[in-house]
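Participant: entry_30.cif is reproduced below (mmCIF, C-alpha atoms).
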```cif
data_structure
#
loop_
_atom_site.label_atom_id
_atom_site.label_comp_id
_atom_site.auth_asym_id
_atom_site.auth_seq_id
_atom_site.Cartn_x
_atom_site.Cartn_y
_atom_site.Cartn_z
CA MET L 1 144.24 152.78 170.90
CA GLU L 2 144.38 156.43 169.97
CA ASN L 3 143.09 157.47 166.56
CA SER L 4 146.49 159.04 165.81
CA THR L 5 148.01 155.55 166.08
CA ILE L 6 145.39 154.21 163.71
CA SER L 7 146.14 156.83 161.07
CA LYS L 8 149.93 157.01 161.32
CA LYS L 9 151.43 153.64 162.17
CA TYR L 10 149.37 150.87 160.56
CA ASN L 11 147.96 150.51 157.07
CA LEU L 12 145.38 147.72 157.01
CA ILE L 13 142.23 147.29 159.07
CA ASP L 14 140.64 144.01 160.10
CA ALA L 15 137.52 145.06 161.97
CA HIS L 16 136.35 141.52 162.76
CA ILE L 17 138.68 138.63 163.58
CA HIS L 18 138.46 135.75 166.09
CA LEU L 19 142.00 135.92 167.48
CA ALA L 20 141.13 133.65 170.40
CA LYS L 21 141.03 130.79 167.89
CA TYR L 22 144.65 131.37 166.82
CA SER L 23 147.71 129.95 168.54
CA ALA L 24 150.22 132.30 170.16
CA GLN L 25 152.69 131.56 167.37
CA GLU L 26 150.10 132.26 164.67
CA ILE L 27 149.27 135.61 166.26
CA LYS L 28 152.94 136.54 166.55
CA SER L 29 153.48 135.65 162.89
CA LEU L 30 150.38 137.55 161.80
CA LEU L 31 151.46 140.71 163.58
CA LYS L 32 155.03 140.61 162.34
CA GLY L 33 155.72 143.71 160.27
CA ASN L 34 153.07 145.92 161.91
CA LYS L 35 150.69 145.86 158.93
CA TYR L 36 147.37 145.40 160.66
CA ILE L 37 145.07 146.84 163.24
CA LEU L 38 142.96 143.92 164.46
CA LEU L 39 139.62 144.36 166.17
CA ALA L 40 139.40 141.02 167.93
CA VAL L 41 135.86 139.86 168.68
CA SER L 42 134.78 137.37 171.33
CA ASP L 43 132.29 134.51 171.50
CA ASP L 44 131.75 134.24 175.25
CA LEU L 45 133.24 135.26 178.60
CA GLN L 46 136.27 132.98 178.29
CA THR L 47 137.29 134.31 174.87
CA SER L 48 136.57 137.86 176.04
CA TYR L 49 139.22 137.53 178.76
CA LYS L 50 141.63 135.91 176.30
CA ILE L 51 141.19 138.77 173.83
CA LEU L 52 141.60 141.33 176.60
CA ASN L 53 144.90 139.74 177.64
CA LEU L 54 146.13 139.71 174.03
CA SER L 55 145.34 143.41 173.71
CA LYS L 56 147.66 144.07 176.65
CA LEU L 57 150.49 142.35 174.81
CA TYR L 58 150.01 144.01 171.40
CA GLU L 59 149.10 147.66 170.91
CA ASN L 60 147.45 147.00 167.54
CA ILE L 61 144.89 144.55 168.95
CA ILE L 62 141.63 146.20 170.01
CA PRO L 63 139.48 143.96 172.24
CA ALA L 64 135.75 143.53 171.67
CA VAL L 65 133.92 141.55 174.34
CA GLY L 66 130.54 139.90 174.19
CA VAL L 67 128.43 136.83 173.54
CA HIS L 68 127.98 135.46 170.04
CA PRO L 69 124.30 134.78 169.27
CA TRP L 70 125.12 131.10 168.80
CA ASN L 71 126.11 130.97 172.48
CA ALA L 72 123.24 133.03 173.88
CA ASP L 73 121.32 130.02 175.19
CA LYS L 74 124.33 128.97 177.30
CA ILE L 75 124.67 132.28 179.15
CA SER L 76 123.48 132.75 182.73
CA GLU L 77 122.54 135.97 184.49
CA ASN L 78 125.68 135.68 186.62
CA THR L 79 127.80 135.56 183.47
CA LEU L 80 126.13 138.68 182.11
CA ASN L 81 126.87 140.47 185.38
CA GLU L 82 130.51 139.40 185.03
CA PHE L 83 130.57 141.05 181.60
CA LYS L 84 129.52 144.34 183.12
CA LYS L 85 132.39 144.17 185.62
CA LEU L 86 134.83 143.30 182.84
CA ILE L 87 133.71 146.27 180.75
CA VAL L 88 133.80 148.78 183.58
CA ASN L 89 137.15 147.63 185.00
CA ASN L 90 139.05 147.39 181.69
CA ASN L 91 138.00 150.47 179.73
CA ILE L 92 136.42 148.37 176.98
CA LYS L 93 135.38 150.40 173.92
CA VAL L 94 133.66 147.78 171.71
CA LEU L 95 131.08 145.06 172.33
CA GLY L 96 131.18 142.12 169.95
CA GLU L 97 130.49 139.78 168.46
CA ILE L 98 126.93 140.39 169.58
CA GLY L 99 123.66 140.36 167.70
CA LEU L 100 120.83 138.19 166.43
CA ASP L 101 120.70 135.19 164.11
CA LYS L 102 117.45 133.96 162.56
CA LYS L 103 119.28 132.07 159.81
CA PHE L 104 121.47 129.52 161.58
CA VAL L 105 119.97 129.30 165.10
CA PRO L 106 116.36 130.56 164.90
CA GLU L 107 115.36 128.15 167.67
CA THR L 108 117.18 130.26 170.32
CA PHE L 109 116.01 133.63 169.04
CA GLU L 110 114.17 134.71 172.18
CA LYS L 111 117.23 134.08 174.33
CA GLN L 112 119.39 135.83 171.73
CA LEU L 113 117.11 138.84 171.97
CA GLU L 114 117.40 138.91 175.75
CA VAL L 115 121.21 138.79 175.65
CA PHE L 116 121.44 141.30 172.80
CA LYS L 117 119.28 143.82 174.67
CA PHE L 118 121.50 143.41 177.73
CA PHE L 119 124.56 144.39 175.70
CA LEU L 120 122.75 147.26 174.01
CA GLU L 121 121.88 148.63 177.43
CA LEU L 122 125.59 148.51 178.32
CA ALA L 123 126.50 150.13 175.00
CA LYS L 124 124.11 152.96 175.69
CA GLU L 125 125.15 153.40 179.33
CA TYR L 126 128.90 153.45 178.62
CA ASP L 127 128.85 154.88 175.08
CA LEU L 128 130.36 151.77 173.48
CA ALA L 129 130.58 150.74 169.82
CA VAL L 130 128.97 147.45 168.79
CA ASN L 131 130.22 144.83 166.34
CA LEU L 132 127.25 142.88 165.03
CA HIS L 133 126.31 139.43 163.74
CA THR L 134 122.83 139.70 162.19
CA PRO L 135 122.00 137.02 159.55
CA ASN L 136 118.32 137.29 158.56
CA ALA L 137 117.76 139.65 161.50
CA TRP L 138 119.22 142.84 160.04
CA ASP L 139 116.02 144.86 160.35
CA ILE L 140 115.30 143.77 163.93
CA ALA L 141 118.87 144.55 164.97
CA LEU L 142 118.77 147.95 163.27
CA ASN L 143 115.49 148.92 164.93
CA LEU L 144 116.93 148.00 168.32
CA LEU L 145 120.07 150.07 167.69
CA ILE L 146 117.84 153.05 166.98
CA LYS L 147 115.65 152.34 170.02
CA TYR L 148 118.68 152.19 172.32
CA ASP L 149 120.23 155.25 170.67
CA ILE L 150 123.47 153.44 169.79
CA LYS L 151 125.98 155.84 168.28
CA ASN L 152 128.54 153.55 166.62
CA ALA L 153 127.63 150.23 165.03
CA TYR L 154 129.23 147.87 162.55
CA PHE L 155 127.29 145.21 160.60
CA HIS L 156 129.84 142.45 160.11
CA TRP L 157 129.91 140.76 156.65
CA TYR L 158 126.63 142.31 155.56
CA THR L 159 124.64 140.35 152.95
CA GLY L 160 121.14 141.64 153.61
CA PRO L 161 118.63 143.54 151.46
CA VAL L 162 119.59 146.86 149.88
CA ASP L 163 116.66 148.72 151.47
CA ILE L 164 117.87 147.77 154.95
CA LEU L 165 121.43 148.60 153.87
CA ASN L 166 120.29 152.12 153.01
CA LYS L 167 118.64 152.51 156.42
CA ILE L 168 121.83 151.31 158.14
CA ILE L 169 123.85 153.91 156.25
CA ASP L 170 121.27 156.64 156.86
CA ASN L 171 121.75 156.07 160.60
CA GLY L 172 125.49 156.55 160.31
CA TYR L 173 126.50 152.93 160.84
CA PHE L 174 129.21 150.97 159.01
CA ILE L 175 129.18 147.83 156.85
CA GLY L 176 131.85 145.16 157.05
CA ILE L 177 133.33 144.14 153.69
CA ASN L 178 134.84 140.69 154.06
CA VAL L 179 137.80 139.13 152.26
CA ALA L 180 135.33 136.50 151.00
CA LEU L 181 134.05 139.13 148.55
CA LYS L 182 135.70 137.39 145.60
CA TRP L 183 133.78 134.17 146.30
CA GLN L 184 130.38 135.59 147.27
CA ASP L 185 128.37 137.43 144.64
CA LYS L 186 125.71 138.80 147.01
CA HIS L 187 128.42 140.41 149.14
CA ARG L 188 130.01 141.93 146.04
CA LYS L 189 126.64 143.45 145.15
CA ILE L 190 126.51 145.09 148.58
CA LEU L 191 129.88 146.73 147.93
CA GLU L 192 128.60 147.98 144.57
CA GLU L 193 125.65 149.62 146.34
CA VAL L 194 127.44 151.23 149.28
CA ASN L 195 129.71 154.29 149.35
CA LEU L 196 133.38 153.99 150.23
CA GLN L 197 132.77 156.20 153.27
CA ASN L 198 130.49 153.58 154.80
CA ILE L 199 132.68 150.45 154.74
CA ILE L 200 135.43 148.86 156.82
CA THR L 201 137.45 145.78 155.83
CA GLU L 202 137.45 142.51 157.77
CA SER L 203 138.52 138.87 157.55
CA ASP L 204 136.41 136.92 160.10
CA GLY L 205 139.51 134.72 160.38
CA PRO L 206 140.10 131.88 160.91
CA TYR L 207 136.68 131.02 159.40
CA ILE L 208 136.75 128.80 156.32
CA TYR L 209 134.39 129.91 153.54
CA LYS L 210 133.88 127.68 150.49
CA GLY L 211 137.21 126.01 151.19
CA HIS L 212 139.10 129.28 151.60
CA HIS L 213 140.84 130.15 154.86
CA LEU L 214 139.88 133.73 155.67
CA SER L 215 142.73 135.79 157.09
CA PRO L 216 143.95 139.38 157.48
CA GLU L 217 146.63 138.41 154.97
CA LEU L 218 143.90 138.61 152.30
CA ILE L 219 143.00 142.22 153.10
CA GLU L 220 145.60 143.69 150.73
CA ASP L 221 143.96 141.80 147.86
CA LEU L 222 140.56 142.94 149.13
CA ILE L 223 141.72 146.57 148.97
CA VAL L 224 142.67 146.03 145.33
CA GLU L 225 139.23 144.56 144.58
CA ILE L 226 137.46 147.41 146.33
CA SER L 227 139.59 149.87 144.36
CA GLN L 228 138.61 148.22 141.08
CA ILE L 229 134.91 148.11 141.90
CA LYS L 230 134.86 151.69 143.17
CA ARG L 231 137.28 152.94 140.51
CA GLU L 232 139.51 154.56 143.11
CA ASP L 233 143.23 154.17 143.67
CA THR L 234 144.33 151.84 146.46
CA ILE L 235 145.93 154.63 148.48
CA ARG L 236 142.64 156.53 148.73
CA VAL L 237 140.72 153.33 149.56
CA THR L 238 143.19 152.42 152.31
CA ARG L 239 143.13 155.92 153.77
CA THR L 240 139.34 156.14 153.67
CA ILE L 241 138.89 152.78 155.42
CA LYS L 242 141.30 153.82 158.17
CA ASN L 243 139.37 157.05 158.62
CA ASN L 244 136.09 155.12 158.73
CA PHE L 245 137.51 152.83 161.39
CA ALA L 246 138.65 155.79 163.47
CA LYS L 247 135.14 157.27 163.26
CA TYR L 248 133.64 153.94 164.30
CA LEU L 249 135.80 153.90 167.43
CA ALA L 250 135.35 157.61 168.23
#
```
As structure tokens, how would this structure be written, given the file I've shared?
Facilitator:
Amino acid sequence: MENSTISKKYNLIDAHIHLAKYSAQEIKSLLKGNKYILLAVSDDLQTSYKILNLSKLYENIIPAVGVHPWNADKISENTLNEFKKLIVNNNIKVLGEIGLDKKFVPETFEKQLEVFKFFLELAKEYDLAVNLHTPNAWDIALNLLIKYDIKNAYFHWYTGPVDILNKIIDNGYFIGINVALKWQDKHRKILEEVNLQNIITESDGPYIYKGHHLSPELIEDLIVEISQIKREDTIRVTRTIKNNFAKYLA
């Protein structure tokens, strides 16, 4: 998608959503009215192809392909080679959801690291943006981004320490602010610390957090909350987030 389309046609950005988990009817309903640009992340090779196909049907779906850290231990070398073909043959611009997870699946960390480095090599070789899952591994992931000279990175639903947050920002990367902000104090504190120029909105739909179904439909309310916390009007917040997203994809 061209950056001119991002800035002129759509208003709201969801930089991290699992569209492969939605039905065709749910996706059609969600996209009715042309409100959203959806960066659809993948969990494995199967969902990567599904997301790619959806992006061919809807101009406001941007496909991100990759292996979620929770699935890293199930991935073979042949599958990784298939990812390279997929990326080269389909003009993919974003890798995700990739990363490291020492919080929920620390037992597979070595395999996660192997798979993550594979994708970082691809990101470097083909100048791709990365969309990251990094619970309790923020510092390791950041150091690897720097090592591999990754230009554009996005830390999805960041809840890590402020000192690492500052290093992420200093390296020109973006932080995902999730619609779960209203129910998660530590995430709200991250927003209070970070500048408006360093954030992009997301839903992580259809994930359920503390009984709440996360969805792009909550992003308008999130914009209002961000505006209140940052003491900026909603128009400026919306415009800034769209500009941030365009920079992330540049």
Participant: In Å to one decimal, how far is atom CA of L:Leu222 from atom CA of L:Leu181?
Facilitator: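 These atoms are spaced 7.6 Å apart.
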Participant: Restricting the calculation to all atoms listed in the file, which member of L:Ser203, L:Asn178, L:Ser227, L:Gln197 is positioned closest to L:Thr240?
Facilitator: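 Of L:Ser203, L:Asn178, L:Ser227, L:Gln197, the one nearest L:Thr240 is L:Gln197, counting all atoms listed in the file.
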Participant: Just want the 12 Å neighbourhood of L:Pro161, counted on all atoms listed in the file, with same-chain residues fewer than 5 positions away dropped. Output as a list of chain:residue names.
Facilitator: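 Contacts, in chain order: L:Pro135, L:Asn136, L:Ala137, L:Trp138, L:Asp139, L:Asn166, L:Lys167, L:Ile168, L:Lys186, L:His187, L:Lys189, L:Ile190, L:Glu193, L:Val194.
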Participant: So, with only C-alpha atoms as the atoms that count, which of L:Ala141, L:Ile175, L:Leu57, L:Leu128 lies closest to L:Lys102?
Facilitator: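 For L:Lys102, the nearest of the given residues is L:Ala141.
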Participant: Any idea what's packed within 8 Å of stretch 85-91 of chain L, counting all atoms listed in the file, ignoring anything in its chain fewer than 3 positions away? Could you give it as a ChimeraX atom specification?
Facilitator: /L:65,81-82
Participant: Point out the residue among L:Asp170, L:Glu202, L:Asp73, L:Asp149 with the least atom-to-atom distance to L:Asp127, counting only C-alpha atoms.
Facilitator: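 Of L:Asp170, L:Glu202, L:Asp73, L:Asp149, the one nearest L:Asp127, counting only C-alpha atoms, is L:Asp149.
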Participant: For atom CA of L:Ser42 and atom CA of L:Ser76, determine how far apart the two atoms are, in Å to one decimal place.
Facilitator: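 Computing the Euclidean distance for atom CA of L:Ser42 and atom CA of L:Ser76 yields 16.7 Å.
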Participant: Counting only C-alpha atoms, which residue out of L:Asn78, L:Gln184, L:Thr201, L:Asn152 sits closest to L:Tyr36?
Facilitator: L:Thr201
Participant: So how many Å separate atom CA of L:Ala72 and atom CA of L:Gln112, to one decimal?
Facilitator: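 Between atom CA of L:Ala72 and atom CA of L:Gln112 the gap is 5.2 Å.
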Participant: Quick one: which residues end up in the PyMOL selection byres ((chain L and resi 204-217) around 7) for this structure, as an MDAnalysis selection string?
Facilitator: chainID L and resid 14 16:18 179 202:203 218:220
Participant: Using the chain letters and numbers from this file, what does the PyMOL selection byres ((chain L and resi 113) around 12) select? Give the answer as an NGL selection string.
Facilitator: :L and (67-73 or 98-102 or 106-112 or 114-120 or 134 or 137 or 140-141 or 144)
Participant: The PyMOL selection byres ((chain L and resi 51) around 8) on the file shown: which residues, as a PyMOL selection string?
Facilitator: chain L and resi 19-20+40-42+47-50+52-55+63-65
Participant: I'd like the neighbourhood of L:Leu31 as JSON, numbers by chain, where a residue qualifies if any of its atoms comes within 10 Å (using only C-alpha atoms), though same-chain residues fewer than 4 positions away should be ignored.
Facilitator: {"L": [25, 26, 27, 35, 36, 37, 38, 58, 60, 61, 216]}
Participant: Counting all atoms listed in the file, what is within 12 Å of L:Ile199, bar same-chain residues fewer than 5 positions away, as a PDB file with C-alpha atoms, keeping the file's coordinate frame?
Facilitator:
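Output contents, as saved in part34.pdb:
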```
ATOM      1  CA  ILE L  13     142.230 147.290 159.070  1.00  0.00           C
ATOM      2  CA  ASP L  14     140.640 144.010 160.100  1.00  0.00           C
ATOM      3  CA  ALA L  15     137.520 145.060 161.970  1.00  0.00           C
ATOM      4  CA  ALA L 153     127.630 150.230 165.030  1.00  0.00           C
ATOM      5  CA  TYR L 154     129.230 147.870 162.550  1.00  0.00           C
ATOM      6  CA  PHE L 155     127.290 145.210 160.600  1.00  0.00           C
ATOM      7  CA  HIS L 156     129.840 142.450 160.110  1.00  0.00           C
ATOM      8  CA  TRP L 157     129.910 140.760 156.650  1.00  0.00           C
ATOM      9  CA  TYR L 158     126.630 142.310 155.560  1.00  0.00           C
ATOM     10  CA  LEU L 165     121.430 148.600 153.870  1.00  0.00           C
ATOM     11  CA  ILE L 168     121.830 151.310 158.140  1.00  0.00           C
ATOM     12  CA  ILE L 169     123.850 153.910 156.250  1.00  0.00           C
ATOM     13  CA  GLY L 172     125.490 156.550 160.310  1.00  0.00           C
ATOM     14  CA  TYR L 173     126.500 152.930 160.840  1.00  0.00           C
ATOM     15  CA  PHE L 174     129.210 150.970 159.010  1.00  0.00           C
ATOM     16  CA  ILE L 175     129.180 147.830 156.850  1.00  0.00           C
ATOM     17  CA  GLY L 176     131.850 145.160 157.050  1.00  0.00           C
ATOM     18  CA  ILE L 177     133.330 144.140 153.690  1.00  0.00           C
ATOM     19  CA  ASN L 178     134.840 140.690 154.060  1.00  0.00           C
ATOM     20  CA  ILE L 190     126.510 145.090 148.580  1.00  0.00           C
ATOM     21  CA  LEU L 191     129.880 146.730 147.930  1.00  0.00           C
ATOM     22  CA  GLU L 192     128.600 147.980 144.570  1.00  0.00           C
ATOM     23  CA  GLU L 193     125.650 149.620 146.340  1.00  0.00           C
ATOM     24  CA  VAL L 194     127.440 151.230 149.280  1.00  0.00           C
ATOM     25  CA  ILE L 223     141.720 146.570 148.970  1.00  0.00           C
ATOM     26  CA  ILE L 226     137.460 147.410 146.330  1.00  0.00           C
ATOM     27  CA  LYS L 230     134.860 151.690 143.170  1.00  0.00           C
ATOM     28  CA  VAL L 237     140.720 153.330 149.560  1.00  0.00           C
ATOM     29  CA  THR L 238     143.190 152.420 152.310  1.00  0.00           C
ATOM     30  CA  ARG L 239     143.130 155.920 153.770  1.00  0.00           C
ATOM     31  CA  THR L 240     139.340 156.140 153.670  1.00  0.00           C
ATOM     32  CA  ILE L 241     138.890 152.780 155.420  1.00  0.00           C
ATOM     33  CA  LYS L 242     141.300 153.820 158.170  1.00  0.00           C
ATOM     34  CA  ASN L 243     139.370 157.050 158.620  1.00  0.00           C
ATOM     35  CA  ASN L 244     136.090 155.120 158.730  1.00  0.00           C
ATOM     36  CA  PHE L 245     137.510 152.830 161.390  1.00  0.00           C
ATOM     37  CA  ALA L 246     138.650 155.790 163.470  1.00  0.00           C
ATOM     38  CA  LYS L 247     135.140 157.270 163.260  1.00  0.00           C
ATOM     39  CA  TYR L 248     133.640 153.940 164.300  1.00  0.00           C
TER      40      TYR L 248
END
```
Participant: Compare L:Leu122, L:Leu132, L:Leu45, L:Leu196 by their minimum atom-to-atom distance to L:Ile75, counting all atoms listed in the file, and give me the closest one.
Facilitator: L:Leu45
